[in-house]
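To start, the structure itself, in structure tokens.
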Amino acid sequence: MALQLYDTLTRRMQPLVPQHAGKVGIYVCGPTVYNWIHVGNARQLVVFDTLRRWLARTGYTLTYVQNITDVDDKIIARAQEENLPAEEVAERFLAAFLEDAAHLGVRPPDAMPRATQYIPQMIALIATLIEKGYAYAAGGDVYYRVRRFPEYGKLSGTRIEALASGARILPGEAKENPLDFALWKGAKPGEPSWESPWGAGRPGWHIECSTMSTALLGPTLDIHGGGMDLIFPHHENEIAQSEAAFGAPFARLWMHNGMVTLSGEKMAKSLGNVRTVHELLQRFSGDALRLFLLSAHYRTPLDFDEHSLEQSQAAVRRLKTTVQNLSFAASHAVQGEPAVAEAAKRCIRRLETAVSAALDEDLHTARAIAALFDAVHEANQLLQEGCGAEAAAQLVTALEDTAALLGLEGWAGQTEALPAEVDALVRERAQARMKREWSKADALRSRLSELGWTVEDTPLGPRVRRRA
Ligand SMILES: [Zn+2]
């Protein structure tokens, strides 16, 4: 089965069909760097990192872009509170964010554009929207003319009339219509600002993402991701801006992860009920936190409680101990029972088939984790029944491979990085197999063999080894 993902826009499961075969461009909205990230932010990071790992394993070449919002009301407010320049606040929390992400096994994105590096491009995009009649300057600000975009509301399923009934223009706003949102905000004293054709000011949050995603991935993204709380208004506004400016669909697939709740309430800085990753990492490992965050399907809400986190911590320990015991058996060349060796093979096949099917079905990490721990349980039984060296080594590889796929890397044996040439051939072969070009795939296997590498195709992707 090929990968199916739930698309928020069409409200159904869709196969992933990128614009260019074998290549996927993903844009995920990154943090506003004004505070420590909380468990809810971490869920998004971990979910999309797992998607990346699965896509890479199945042979796709990815360009994964995650932006950093480093100019925003919240950053400015914190800077004023602490009597510091806004850049200093942004720098400090960007560093903290990167450190937390690394502890969670989240790989750095391929590009991490910062809003303040794209101001000229944002000004150009706003100018295009004005030229096309979708935006207007008023009182030092620039606004998007929402009623000019008939499809407004299509992502969130919001009716424009319903929005209009509750909306009011606030004092000091020069909008034509209460629904219009700011693309450019005129400078206020003491705030960071940039020169523009409409006077000094700074960009609105929504235009930042439309600009940076297009600059790095073109006008149509293969996948746009973020938390469900961003669907409206942020992503709705991104669609309105980008589709009006470029006349092309903004994203082929929209993925949104569910929120983390605390006693059933959404965790949000504004509600004051957040648990920060920084604080939790003092007591729990990054792997335990990651396992907990992947323990529910990514679209369902996840209620945070420390008891579940303790269970995840214990589960990671169990996995680690099992792999250690298997490794011990593997390095002590014992002739095992043939029946046990057969059972180990079946266990590995079941694990790999189940994990592959689970991840292909809308990234069902909860089922993949269940399959991993079924295999851990079975492996422990096999050890007791007399597992030989070879079967034990095969079990180690399968368990470590699955753990690495889920990003549980704090303990997994460091897998050797492939030389660039070998990696490129492996990818090319995976893409040939995707297109059912079998003779090309075979030729690439021979080429790898000449270079001294063997490839084994498993449900979890190609397993590459240097030939002994
Ligand atoms: Zn965004």
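Going by the structure tokens order, chains are called A, B, ..., each with residues numbered from 1, while ligands are numbered from 1 in the order shown.
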
Which residues of chain A sit at most 8 Å from ligand 1, using only C-alpha atoms and all ligand atoms? Give each one's shortest atom pair and distance in Å (one decimal place), in chain and ascending residue order, as JSON lines.
```
{"residue": "A:Val28", "atom": "CA", "partner": "ligand 1", "partner_atom_place_in_ligand_line": "1 (Zn)", "distance": 6.9}
{"residue": "A:Cys29", "atom": "CA", "partner": "ligand 1", "partner_atom_place_in_ligand_line": "1 (Zn)", "distance": 4.1}
{"residue": "A:Gly30", "atom": "CA", "partner": "ligand 1", "partner_atom_place_in_ligand_line": "1 (Zn)", "distance": 6.9}
{"residue": "A:Asn67", "atom": "CA", "partner": "ligand 1", "partner_atom_place_in_ligand_line": "1 (Zn)", "distance": 7.7}
{"residue": "A:Trp205", "atom": "CA", "partner": "ligand 1", "partner_atom_place_in_ligand_line": "1 (Zn)", "distance": 7.4}
{"residue": "A:His206", "atom": "CA", "partner": "ligand 1", "partner_atom_place_in_ligand_line": "1 (Zn)", "distance": 6.2}
{"residue": "A:Glu208", "atom": "CA", "partner": "ligand 1", "partner_atom_place_in_ligand_line": "1 (Zn)", "distance": 7.2}
{"residue": "A:Cys209", "atom": "CA", "partner": "ligand 1", "partner_atom_place_in_ligand_line": "1 (Zn)", "distance": 4.5}
{"residue": "A:Ser210", "atom": "CA", "partner": "ligand 1", "partner_atom_place_in_ligand_line": "1 (Zn)", "distance": 7.5}
{"residue": "A:Gly226", "atom": "CA", "partner": "ligand 1", "partner_atom_place_in_ligand_line": "1 (Zn)", "distance": 7.5}
{"residue": "A:Leu230", "atom": "CA", "partner": "ligand 1", "partner_atom_place_in_ligand_line": "1 (Zn)", "distance": 7.6}
{"residue": "A:His234", "atom": "CA", "partner": "ligand 1", "partner_atom_place_in_ligand_line": "1 (Zn)", "distance": 6.4}
{"residue": "A:His235", "atom": "CA", "partner": "ligand 1", "partner_atom_place_in_ligand_line": "1 (Zn)", "distance": 6.6}
{"residue": "A:Glu238", "atom": "CA", "partner": "ligand 1", "partner_atom_place_in_ligand_line": "1 (Zn)", "distance": 7.4}
```

How would the residues just chosen look if you wrote them out with N, CA and C atoms as a PDB file, in the first residue's frame?
```pdb
ATOM      1  N   VAL A  28       6.387  23.694   7.015  1.00  0.00           N
ATOM      2  CA  VAL A  28       5.682  23.615   8.295  1.00  0.00           C
ATOM      3  C   VAL A  28       5.928  24.921   9.053  1.00  0.00           C
ATOM      4  N   CYS A  29       4.855  25.489   9.597  1.00  0.00           N
ATOM      5  CA  CYS A  29       4.991  26.751  10.327  1.00  0.00           C
ATOM      6  C   CYS A  29       5.800  26.518  11.599  1.00  0.00           C
ATOM      7  N   GLY A  30       6.824  27.322  11.759  1.00  0.00           N
ATOM      8  CA  GLY A  30       7.710  27.171  12.910  1.00  0.00           C
ATOM      9  C   GLY A  30       7.296  28.076  14.061  1.00  0.00           C
ATOM     10  N   ASN A  67       9.940  27.642   9.129  1.00  0.00           N
ATOM     11  CA  ASN A  67      10.357  29.030   9.336  1.00  0.00           C
ATOM     12  C   ASN A  67      10.499  29.363  10.812  1.00  0.00           C
ATOM     13  N   TRP A 205       2.015  38.500  10.362  1.00  0.00           N
ATOM     14  CA  TRP A 205       2.478  37.119  10.505  1.00  0.00           C
ATOM     15  C   TRP A 205       2.138  36.264   9.268  1.00  0.00           C
ATOM     16  N   HIS A 206       0.914  36.414   8.743  1.00  0.00           N
ATOM     17  CA  HIS A 206       0.475  35.526   7.652  1.00  0.00           C
ATOM     18  C   HIS A 206       1.316  35.695   6.384  1.00  0.00           C
ATOM     19  N   GLU A 208       4.321  36.470   6.150  1.00  0.00           N
ATOM     20  CA  GLU A 208       5.661  35.885   6.334  1.00  0.00           C
ATOM     21  C   GLU A 208       5.702  34.484   5.732  1.00  0.00           C
ATOM     22  N   CYS A 209       4.688  33.666   6.071  1.00  0.00           N
ATOM     23  CA  CYS A 209       4.710  32.269   5.622  1.00  0.00           C
ATOM     24  C   CYS A 209       4.467  32.153   4.121  1.00  0.00           C
ATOM     25  N   SER A 210       3.539  32.961   3.572  1.00  0.00           N
ATOM     26  CA  SER A 210       3.324  32.907   2.120  1.00  0.00           C
ATOM     27  C   SER A 210       4.613  33.247   1.384  1.00  0.00           C
ATOM     28  N   GLY A 226       1.119  21.990  10.039  1.00  0.00           N
ATOM     29  CA  GLY A 226       1.077  22.859  11.220  1.00  0.00           C
ATOM     30  C   GLY A 226       0.092  22.279  12.228  1.00  0.00           C
ATOM     31  N   LEU A 230      -3.756  26.443  13.834  1.00  0.00           N
ATOM     32  CA  LEU A 230      -3.330  27.398  12.798  1.00  0.00           C
ATOM     33  C   LEU A 230      -4.260  27.412  11.584  1.00  0.00           C
ATOM     34  N   HIS A 234      -4.703  31.621  10.413  1.00  0.00           N
ATOM     35  CA  HIS A 234      -3.385  31.704   9.771  1.00  0.00           C
ATOM     36  C   HIS A 234      -3.331  31.024   8.393  1.00  0.00           C
ATOM     37  N   HIS A 235      -3.690  29.754   8.330  1.00  0.00           N
ATOM     38  CA  HIS A 235      -3.557  29.053   7.045  1.00  0.00           C
ATOM     39  C   HIS A 235      -4.607  29.501   6.032  1.00  0.00           C
ATOM     40  N   GLU A 238      -3.050  32.490   4.596  1.00  0.00           N
ATOM     41  CA  GLU A 238      -1.943  32.142   3.694  1.00  0.00           C
ATOM     42  C   GLU A 238      -2.491  31.749   2.318  1.00  0.00           C
TER      43      GLU A 238
END
```

Name the residues of range 248-422 of chain A that come out as alpha helix (DSSP H) in a backbone DSSP run; write them as a ChimeraX atom specification. /A:277-280,286-293,306-331,338-360,365-384,389-405,420-422

From A:Ala329, A:Ser156, A:Phe149, A:Leu280, residue lying nearest Glu243 in chain A [only C-alpha atoms]: A:Phe149

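If you look at CA of Ala127 in chain A and CA of Ser196 in chain A, they are 9.9 Å away from each other.
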
Residues of range 182-301 of chain A that approach range 81-85 of chain A to 10 Å or less, counting only C-alpha atoms: could you list each one with the shortest pair of atoms and its distance in Å to one decimal, rows by chain and increasing residue number, as CSV?
```
residue,atom,partner,partner_atom,distance
A:Gly190,CA,A:Pro85,CA,9.5
A:Glu191,CA,A:Pro85,CA,9.2
A:Pro192,CA,A:Pro85,CA,8.8
```

Residues at most 10 Å from Leu45 in chain A, counting only C-alpha atoms, excluding those fewer than 2 positions away in the same chain, as a list of chain:residue names?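 Final neighbour list, sorted by chain and number: A:Val28, A:Cys29, A:Gly30, A:Pro31, A:Val39, A:Gly40, A:Asn41, A:Ala42, A:Arg43, A:Val47, A:Phe48, A:Asp49, A:Thr50, A:Gln66, A:Ala101, A:Leu104, A:Gly105, A:Val106, A:Arg107, A:Gly226, A:Gly227, A:Asn257, A:Arg290, A:Leu293.
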
Could you dump the residues just selected with N, CA and C atoms as a PDB file, in the first residue's frame?
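The resulting file, result.pdb, is shown below:
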```pdb
ATOM      1  N   VAL A  28       6.387  23.694   7.015  1.00  0.00           N
ATOM      2  CA  VAL A  28       5.682  23.615   8.295  1.00  0.00           C
ATOM      3  C   VAL A  28       5.928  24.921   9.053  1.00  0.00           C
ATOM      4  N   CYS A  29       4.855  25.489   9.597  1.00  0.00           N
ATOM      5  CA  CYS A  29       4.991  26.751  10.327  1.00  0.00           C
ATOM      6  C   CYS A  29       5.800  26.518  11.599  1.00  0.00           C
ATOM      7  N   GLY A  30       6.824  27.322  11.759  1.00  0.00           N
ATOM      8  CA  GLY A  30       7.710  27.171  12.910  1.00  0.00           C
ATOM      9  C   GLY A  30       7.296  28.076  14.061  1.00  0.00           C
ATOM     10  N   PRO A  31       8.105  28.081  15.099  1.00  0.00           N
ATOM     11  CA  PRO A  31       7.726  28.807  16.309  1.00  0.00           C
ATOM     12  C   PRO A  31       7.954  30.314  16.206  1.00  0.00           C
ATOM     13  N   VAL A  39       4.875  21.388  25.449  1.00  0.00           N
ATOM     14  CA  VAL A  39       4.652  20.032  24.941  1.00  0.00           C
ATOM     15  C   VAL A  39       3.816  20.039  23.655  1.00  0.00           C
ATOM     16  N   GLY A  40       2.893  20.994  23.545  1.00  0.00           N
ATOM     17  CA  GLY A  40       2.074  21.096  22.331  1.00  0.00           C
ATOM     18  C   GLY A  40       2.929  21.445  21.120  1.00  0.00           C
ATOM     19  N   ASN A  41       3.853  22.380  21.270  1.00  0.00           N
ATOM     20  CA  ASN A  41       4.774  22.720  20.174  1.00  0.00           C
ATOM     21  C   ASN A  41       5.619  21.503  19.820  1.00  0.00           C
ATOM     22  N   ALA A  42       6.027  20.765  20.867  1.00  0.00           N
ATOM     23  CA  ALA A  42       6.895  19.609  20.654  1.00  0.00           C
ATOM     24  C   ALA A  42       6.179  18.530  19.843  1.00  0.00           C
ATOM     25  N   ARG A  43       4.870  18.400  20.048  1.00  0.00           N
ATOM     26  CA  ARG A  43       4.134  17.367  19.310  1.00  0.00           C
ATOM     27  C   ARG A  43       4.236  17.625  17.805  1.00  0.00           C
ATOM     28  N   VAL A  47       5.891  14.980  15.218  1.00  0.00           N
ATOM     29  CA  VAL A  47       5.022  14.385  14.192  1.00  0.00           C
ATOM     30  C   VAL A  47       5.623  14.613  12.800  1.00  0.00           C
ATOM     31  N   PHE A  48       5.998  15.853  12.506  1.00  0.00           N
ATOM     32  CA  PHE A  48       6.487  16.124  11.154  1.00  0.00           C
ATOM     33  C   PHE A  48       7.897  15.560  10.949  1.00  0.00           C
ATOM     34  N   ASP A  49       8.663  15.447  12.013  1.00  0.00           N
ATOM     35  CA  ASP A  49       9.965  14.798  11.896  1.00  0.00           C
ATOM     36  C   ASP A  49       9.784  13.314  11.554  1.00  0.00           C
ATOM     37  N   THR A  50       8.760  12.694  12.137  1.00  0.00           N
ATOM     38  CA  THR A  50       8.497  11.276  11.851  1.00  0.00           C
ATOM     39  C   THR A  50       8.015  11.108  10.406  1.00  0.00           C
ATOM     40  N   GLN A  66      11.118  24.854   7.583  1.00  0.00           N
ATOM     41  CA  GLN A  66      10.381  25.315   8.756  1.00  0.00           C
ATOM     42  C   GLN A  66      10.882  26.710   9.105  1.00  0.00           C
ATOM     43  N   ALA A 101      14.648  20.856  20.454  1.00  0.00           N
ATOM     44  CA  ALA A 101      14.345  20.019  19.280  1.00  0.00           C
ATOM     45  C   ALA A 101      15.370  18.896  19.160  1.00  0.00           C
ATOM     46  N   LEU A 104      14.767  16.058  21.404  1.00  0.00           N
ATOM     47  CA  LEU A 104      13.613  15.245  20.996  1.00  0.00           C
ATOM     48  C   LEU A 104      13.919  14.406  19.760  1.00  0.00           C
ATOM     49  N   GLY A 105      15.156  14.445  19.286  1.00  0.00           N
ATOM     50  CA  GLY A 105      15.533  13.667  18.103  1.00  0.00           C
ATOM     51  C   GLY A 105      14.994  14.274  16.816  1.00  0.00           C
ATOM     52  N   VAL A 106      14.668  15.573  16.853  1.00  0.00           N
ATOM     53  CA  VAL A 106      14.139  16.248  15.659  1.00  0.00           C
ATOM     54  C   VAL A 106      15.316  16.786  14.861  1.00  0.00           C
ATOM     55  N   ARG A 107      15.400  16.348  13.613  1.00  0.00           N
ATOM     56  CA  ARG A 107      16.521  16.783  12.787  1.00  0.00           C
ATOM     57  C   ARG A 107      16.306  18.217  12.326  1.00  0.00           C
ATOM     58  N   GLY A 226       1.119  21.990  10.039  1.00  0.00           N
ATOM     59  CA  GLY A 226       1.077  22.859  11.220  1.00  0.00           C
ATOM     60  C   GLY A 226       0.092  22.279  12.228  1.00  0.00           C
ATOM     61  N   GLY A 227      -0.054  22.964  13.339  1.00  0.00           N
ATOM     62  CA  GLY A 227      -1.023  22.545  14.341  1.00  0.00           C
ATOM     63  C   GLY A 227      -2.435  22.940  13.910  1.00  0.00           C
ATOM     64  N   ASN A 257      -1.757  18.656  12.943  1.00  0.00           N
ATOM     65  CA  ASN A 257      -1.729  17.792  14.128  1.00  0.00           C
ATOM     66  C   ASN A 257      -2.651  18.344  15.204  1.00  0.00           C
ATOM     67  N   ARG A 290       9.348  11.842  23.374  1.00  0.00           N
ATOM     68  CA  ARG A 290       8.996  11.613  21.980  1.00  0.00           C
ATOM     69  C   ARG A 290       8.039  10.424  21.843  1.00  0.00           C
ATOM     70  N   LEU A 293       4.625  11.460  22.844  1.00  0.00           N
ATOM     71  CA  LEU A 293       3.975  12.340  21.862  1.00  0.00           C
ATOM     72  C   LEU A 293       3.507  11.575  20.629  1.00  0.00           C
TER      73      LEU A 293
END
```

Once DSSP has gone over the backbone, tell me which residues of range 230-290 of chain A are in strand (DSSP E), as JSON, numbers by chain. {"A": [254, 255, 256, 257, 260, 261, 262, 265, 266]}

Write the selection just made, keeping N, CA, C and O atoms, as a tab-separated table (two decimals), in the first residue's frame?
```tsv
chain	number	residue	atom	x	y	z
A	254	TRP	N	-2.84	19.35	2.92
A	254	TRP	CA	-2.75	20.10	4.17
A	254	TRP	C	-2.81	19.13	5.34
A	254	TRP	O	-3.78	18.40	5.50
A	255	MET	N	-1.77	19.12	6.17
A	255	MET	CA	-1.73	18.22	7.34
A	255	MET	C	-1.72	19.04	8.62
A	255	MET	O	-0.92	19.96	8.75
A	256	HIS	N	-2.60	18.67	9.54
A	256	HIS	CA	-2.66	19.39	10.83
A	256	HIS	C	-2.65	18.41	11.99
A	256	HIS	O	-3.45	17.47	12.01
A	257	ASN	N	-1.76	18.66	12.94
A	257	ASN	CA	-1.73	17.79	14.13
A	257	ASN	C	-2.65	18.34	15.20
A	257	ASN	O	-2.87	19.56	15.29
A	260	VAL	N	-2.24	19.27	22.26
A	260	VAL	CA	-1.99	18.60	23.54
A	260	VAL	C	-2.83	19.33	24.58
A	260	VAL	O	-2.86	20.57	24.62
A	261	THR	N	-3.56	18.56	25.38
A	261	THR	CA	-4.40	19.17	26.40
A	261	THR	C	-3.86	18.82	27.78
A	261	THR	O	-3.09	17.88	27.95
A	262	LEU	N	-4.27	19.61	28.75
A	262	LEU	CA	-3.91	19.34	30.14
A	262	LEU	C	-5.24	19.28	30.88
A	262	LEU	O	-5.97	20.27	30.90
A	265	GLU	N	-8.07	20.55	28.78
A	265	GLU	CA	-8.04	21.92	28.26
A	265	GLU	C	-6.84	22.10	27.36
A	265	GLU	O	-5.76	21.58	27.64
A	266	LYS	N	-7.00	22.88	26.28
A	266	LYS	CA	-5.88	23.14	25.38
A	266	LYS	C	-4.71	23.75	26.14
A	266	LYS	O	-4.90	24.61	26.99
```

Coordinates-based distance that separates CA of Val65 in chain A from CA of Met112 in chain A (Å, one decimal):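 Answer for the CA of Met112 in chain A to CA of Val65 in chain A separation: 5.9 Å.
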
Skip Leu425 in chain A itself and residues of its chain fewer than 2 positions away, then list as number ranges by chain all residues within 10 Å of it, counting only C-alpha atoms. A: 420-423, 427-431, 441, 444-445, 447-448

Can you spit out the residues from that selection as a compact mmCIF listing (two decimals), in the first residue's frame, using C-alpha atoms?
```txt
# COMPACT_ATOMS: atom_id res chain seq x y z
CA ALA A 420 27.18 10.38 -0.66
CA GLU A 421 27.59 8.36 -3.85
CA VAL A 422 26.10 5.23 -2.27
CA ASP A 423 23.25 7.20 -0.71
CA ARG A 427 17.68 6.74 -3.45
CA GLU A 428 17.70 6.45 -7.22
CA ARG A 429 17.02 2.74 -6.92
CA ALA A 430 14.17 3.32 -4.46
CA GLN A 431 12.62 5.80 -6.89
CA ALA A 441 16.53 -1.01 -10.12
CA LEU A 444 21.54 0.06 -9.71
CA ARG A 445 21.80 -2.89 -7.35
CA ARG A 447 26.34 -0.88 -9.43
CA LEU A 448 26.10 -0.79 -5.61
```

Excluding Ala393 in chain A and its own-chain neighbours fewer than 3 positions away, which residues fall within 7 Å of it when counting only C-alpha atoms? Please give them as a list of chain:residue names.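 Near neighbours after the sequence-gap exclusion: A:Leu326, A:Ser327, A:Ala330, A:Ala389, A:Glu390, A:Val396, A:Thr397.
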
Among listed residues A:Ser270, A:Asn177, A:Ser165, A:Gln335, nearest Arg147 in chain A (using only C-alpha atoms):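 Ranked by minimum distance to Arg147 in chain A, first place goes to A:Asn177.
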
If we count only C-alpha atoms, what is near Asp70 in chain A at a cut-off of 8 Å, once residues fewer than 5 positions away on the same chain are taken out, given as a PyMOL selection string? chain A and resi 32-33+75+87+90+114-116

Print the selection's residues with N, CA, C and O atoms to a file, as a compact mmCIF listing (two decimals), in the first residue's frame.
```
# COMPACT_ATOMS: atom_id res chain seq x y z
N THR A 32 7.21 31.03 17.02
CA THR A 32 7.51 32.43 17.28
C THR A 32 8.43 32.40 18.50
O THR A 32 8.04 31.88 19.55
N VAL A 33 9.65 32.91 18.33
CA VAL A 33 10.65 32.69 19.37
C VAL A 33 10.60 33.78 20.45
O VAL A 33 11.35 34.75 20.41
N ILE A 75 7.07 38.92 20.75
CA ILE A 75 8.50 39.13 20.97
C ILE A 75 8.73 40.57 21.44
O ILE A 75 9.47 40.82 22.39
N GLU A 87 15.67 41.73 19.07
CA GLU A 87 16.54 40.71 18.44
C GLU A 87 17.17 39.81 19.50
O GLU A 87 17.39 38.63 19.26
N ALA A 90 14.67 37.23 20.60
CA ALA A 90 14.50 36.23 19.53
C ALA A 90 15.70 35.28 19.48
O ALA A 90 15.52 34.06 19.38
N ARG A 114 14.26 32.86 8.38
CA ARG A 114 13.78 33.73 9.45
C ARG A 114 13.09 34.92 8.82
O ARG A 114 13.57 35.49 7.85
N ALA A 115 11.96 35.27 9.40
CA ALA A 115 11.12 36.33 8.81
C ALA A 115 11.93 37.59 8.51
O ALA A 115 11.79 38.18 7.43
N THR A 116 12.82 37.99 9.43
CA THR A 116 13.55 39.25 9.22
C THR A 116 14.52 39.19 8.05
O THR A 116 15.01 40.22 7.61
```

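Minimum atom-to-atom distance to Ala344 in chain A, evaluated using only C-alpha atoms, belongs to A:Ala398 out of A:Ala398, A:Leu294, A:Leu363, A:Ile207.
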
Please measure the separation of CA of Thr220 in chain A and CA of Pro249 in chain A, giving the value in Å to one decimal.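 CA of Pro249 in chain A lies at a distance of 5.9 Å from CA of Thr220 in chain A.
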
From the options A:Pro462, A:Ala102, A:Pro109, A:Ile119, which residue's atoms come nearest to Leu281 in chain A, counting only C-alpha atoms?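 Of the candidates, the smallest distance to Leu281 in chain A is held by A:Ala102.
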
All residues 12 Å or closer to Tyr152 in chain A, only C-alpha atoms, same chain fewer than 2 positions away omitted, as a ChimeraX atom specification: /A:144-150,154-161,163,179-180,232-244
